[in-house]
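Everything below concerns the one structure shown next.
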Amino acid sequence: RPNSYRESVNKIILATQNAHKLEELRSVLPKGWEVQTAFDAGIRGELPETGSTLEENAFQKAMYLWNHCGIPSLADDSGLQVAGLSGAPGVHSAMYAGPERSDQANRSLLLANLVGAADRAATFRTVLAWATLEGIQLYEGVVHGQITHDERGEYGFGYDRIFVPNEGDGRTFAEMLPEEKVAMSHRSRAVRAWLTGLERS
């Protein structure tokens, strides 16, 4: 089938003010799409994010945007789940070290909490919620990897400097060029699952 629905949805709102997330999402969206942020749409302040799971948070944000703007809305919630920390930081990844949302503080606390841990396996997950007139659909992207013992790399954001994907060549996400990371990242995998869903609509 031709991608008629995908081609007709050319204006969407993304529920993020994170410039890195915005850039990563835009890099894998179809050409010619007009992408607004919640701020562009006149929404100030934090979007609702009170869920206990990534799915609940993504759903909340997408529904909020759809209700306020009436434009197809895409929201993501991402988290790092570390086996040696019983799945933490998980849904609290952005504020692991406190409400100021400091990437550096989050990484430092995570490494400190893993000192002496035998199991450094970790999973990055992104859940995307897509809100339209038809309702809300959820899509997921997952990457399995390991937590390093120290920070490596200059690219990326969040926990990228301490996460090595299992399917890579031993480099952290932050040691990869942005286009290398996008080729395998959890966020881009969720976006590709969403785009596949659009093609089937």
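Labels used: A, B, ... for chains in the order of the structure tokens, numbers from 1 for residues in each chain, and numbers from 1 for ligands as shown.
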Could you produce a table of the residues of region 78-122 of chain A lying within 12 Å of region 172-196 of chain A, with the nearest pair of atoms per residue and their separation in Å rounded to one decimal, using only C-alpha atoms, ordered by chain and increasing residue number, as a Markdown table?
```
| residue | atom | partner | partner_atom | distance |
| --- | --- | --- | --- | --- |
| A:Ser78 | CA | A:Arg187 | CA | 7.8 |
| A:Gly79 | CA | A:His186 | CA | 9.7 |
| A:Leu80 | CA | A:His186 | CA | 10.3 |
```
Based on the selection just made, write N, CA and C atoms of those residues as an mmCIF file, in the first residue's frame.
```
data_model
loop_
_atom_site.group_PDB
_atom_site.id
_atom_site.type_symbol
_atom_site.label_atom_id
_atom_site.label_comp_id
_atom_site.auth_asym_id
_atom_site.auth_seq_id
_atom_site.Cartn_x
_atom_site.Cartn_y
_atom_site.Cartn_z
ATOM 1 N N SER A 78 11.810 7.600 28.391
ATOM 2 C CA SER A 78 12.926 6.667 28.274
ATOM 3 C C SER A 78 13.526 6.417 29.644
ATOM 4 N N GLY A 79 14.100 5.249 29.804
ATOM 5 C CA GLY A 79 14.728 4.930 31.074
ATOM 6 C C GLY A 79 15.833 3.907 30.911
ATOM 7 N N LEU A 80 16.751 3.941 31.853
ATOM 8 C CA LEU A 80 17.848 2.977 31.916
ATOM 9 C C LEU A 80 17.561 2.029 33.069
#
```
### Task
Can you list, as number ranges by chain, all residues belonging to chain A that DSSP tags as alpha helix (DSSP H)?
A: 4-8, 19-27, 54-69, 103-113, 178-182, 186-200
### Within 12 Å of Phe124 (chain A) using only C-alpha atoms, minus same-chain residues under 5 positions, as a PyMOL selection string
chain A and resi 54+77-83+87-91+93+140-147+158-160+162-166+173+184-190
#### Entry: Contacts of region 11-13 of chain A at 8 Å (only C-alpha atoms; same-chain gap of 2+ positions) as a VMD selection string
chain A and resid 9 15 33 to 38 41 65 71 to 74
For those residues, write N, CA and C atoms to a file as a CSV table (one decimal), in the first residue's frame.
```csv
chain,number,residue,atom,x,y,z
A,9,VAL,N,0.1,12.8,7.5
A,9,VAL,CA,0.4,13.4,8.8
A,9,VAL,C,1.7,14.1,8.7
A,15,ALA,N,6.5,16.0,22.5
A,15,ALA,CA,6.4,16.3,23.9
A,15,ALA,C,7.8,16.3,24.5
A,33,TRP,N,8.3,16.8,7.2
A,33,TRP,CA,7.3,17.0,8.3
A,33,TRP,C,7.6,18.2,9.1
A,34,GLU,N,6.5,18.9,9.5
A,34,GLU,CA,6.7,20.1,10.4
A,34,GLU,C,6.5,19.6,11.8
A,35,VAL,N,7.6,19.8,12.6
A,35,VAL,CA,7.6,19.3,13.9
A,35,VAL,C,7.6,20.5,14.9
A,36,GLN,N,6.7,20.5,15.8
A,36,GLN,CA,6.6,21.6,16.8
A,36,GLN,C,6.9,20.9,18.2
A,37,THR,N,7.3,21.7,19.1
A,37,THR,CA,7.4,21.3,20.5
A,37,THR,C,6.2,21.8,21.3
A,38,ALA,N,6.0,21.3,22.5
A,38,ALA,CA,5.0,21.8,23.3
A,38,ALA,C,5.2,23.3,23.5
A,41,ALA,N,3.9,25.3,20.8
A,41,ALA,CA,2.5,25.4,20.7
A,41,ALA,C,1.9,26.2,21.9
A,65,LEU,N,-1.1,16.7,25.3
A,65,LEU,CA,-0.8,17.5,24.1
A,65,LEU,C,-2.0,17.4,23.1
A,71,ILE,N,-3.6,18.3,17.6
A,71,ILE,CA,-2.7,18.0,16.6
A,71,ILE,C,-2.1,16.6,16.9
A,72,PRO,N,-1.9,15.7,16.0
A,72,PRO,CA,-1.2,14.4,16.3
A,72,PRO,C,0.0,14.7,17.2
A,73,SER,N,0.1,14.0,18.3
A,73,SER,CA,1.1,14.2,19.3
A,73,SER,C,1.9,13.0,19.6
A,74,LEU,N,3.3,13.2,19.7
A,74,LEU,CA,4.2,12.1,19.9
A,74,LEU,C,5.0,12.4,21.2
```
### Task
Identify which of the residues A:Leu14, A:Ala19, A:Ala58, A:Leu29 lies closest to Asp76 (chain A), counting only C-alpha atoms when measuring atom-to-atom distances.
A:Ala58
### Task
Could you please determine the separation between CA of Glu151 (chain A) and CA of Gln104 (chain A) in Å, to one decimal place?
9.8 Å
#### Entry: Sel. of strand (DSSP E) residues, region 2-49 of chain A, as a list in words
Lys11, Ile12, Ile13, Leu14, Glu34, Val35, Gln36 and Thr37 of chain A
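Every protein or nucleic acid residue with an atom no more than 12 Å from Val115 (chain A), counting only C-alpha atoms and leaving out same-chain residues fewer than 2 positions away, appears here: A:Gly84, A:Leu85, A:Ser108, A:Leu109, A:Leu110, A:Leu111, A:Ala112, A:Asn113, A:Ala117, A:Ala118, A:Asp119, A:Arg120, A:Ile147, A:Thr148, A:His149, A:Asp150.
Atom pair CA of Glu46 (chain A) / CA of Ser27 (chain A) has a distance of 24.2 Å (rounded to one decimal).
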### Option closest in space to Asn67 (chain A), from A:Met95, A:Val127, A:Leu198, A:Ile136 [counting only C-alpha atoms]
A:Ile136
### Task
Rounded to one decimal place, report the CA of Gly42 (chain A)-CA of Leu22 (chain A) distance in Å.
17.0 Å
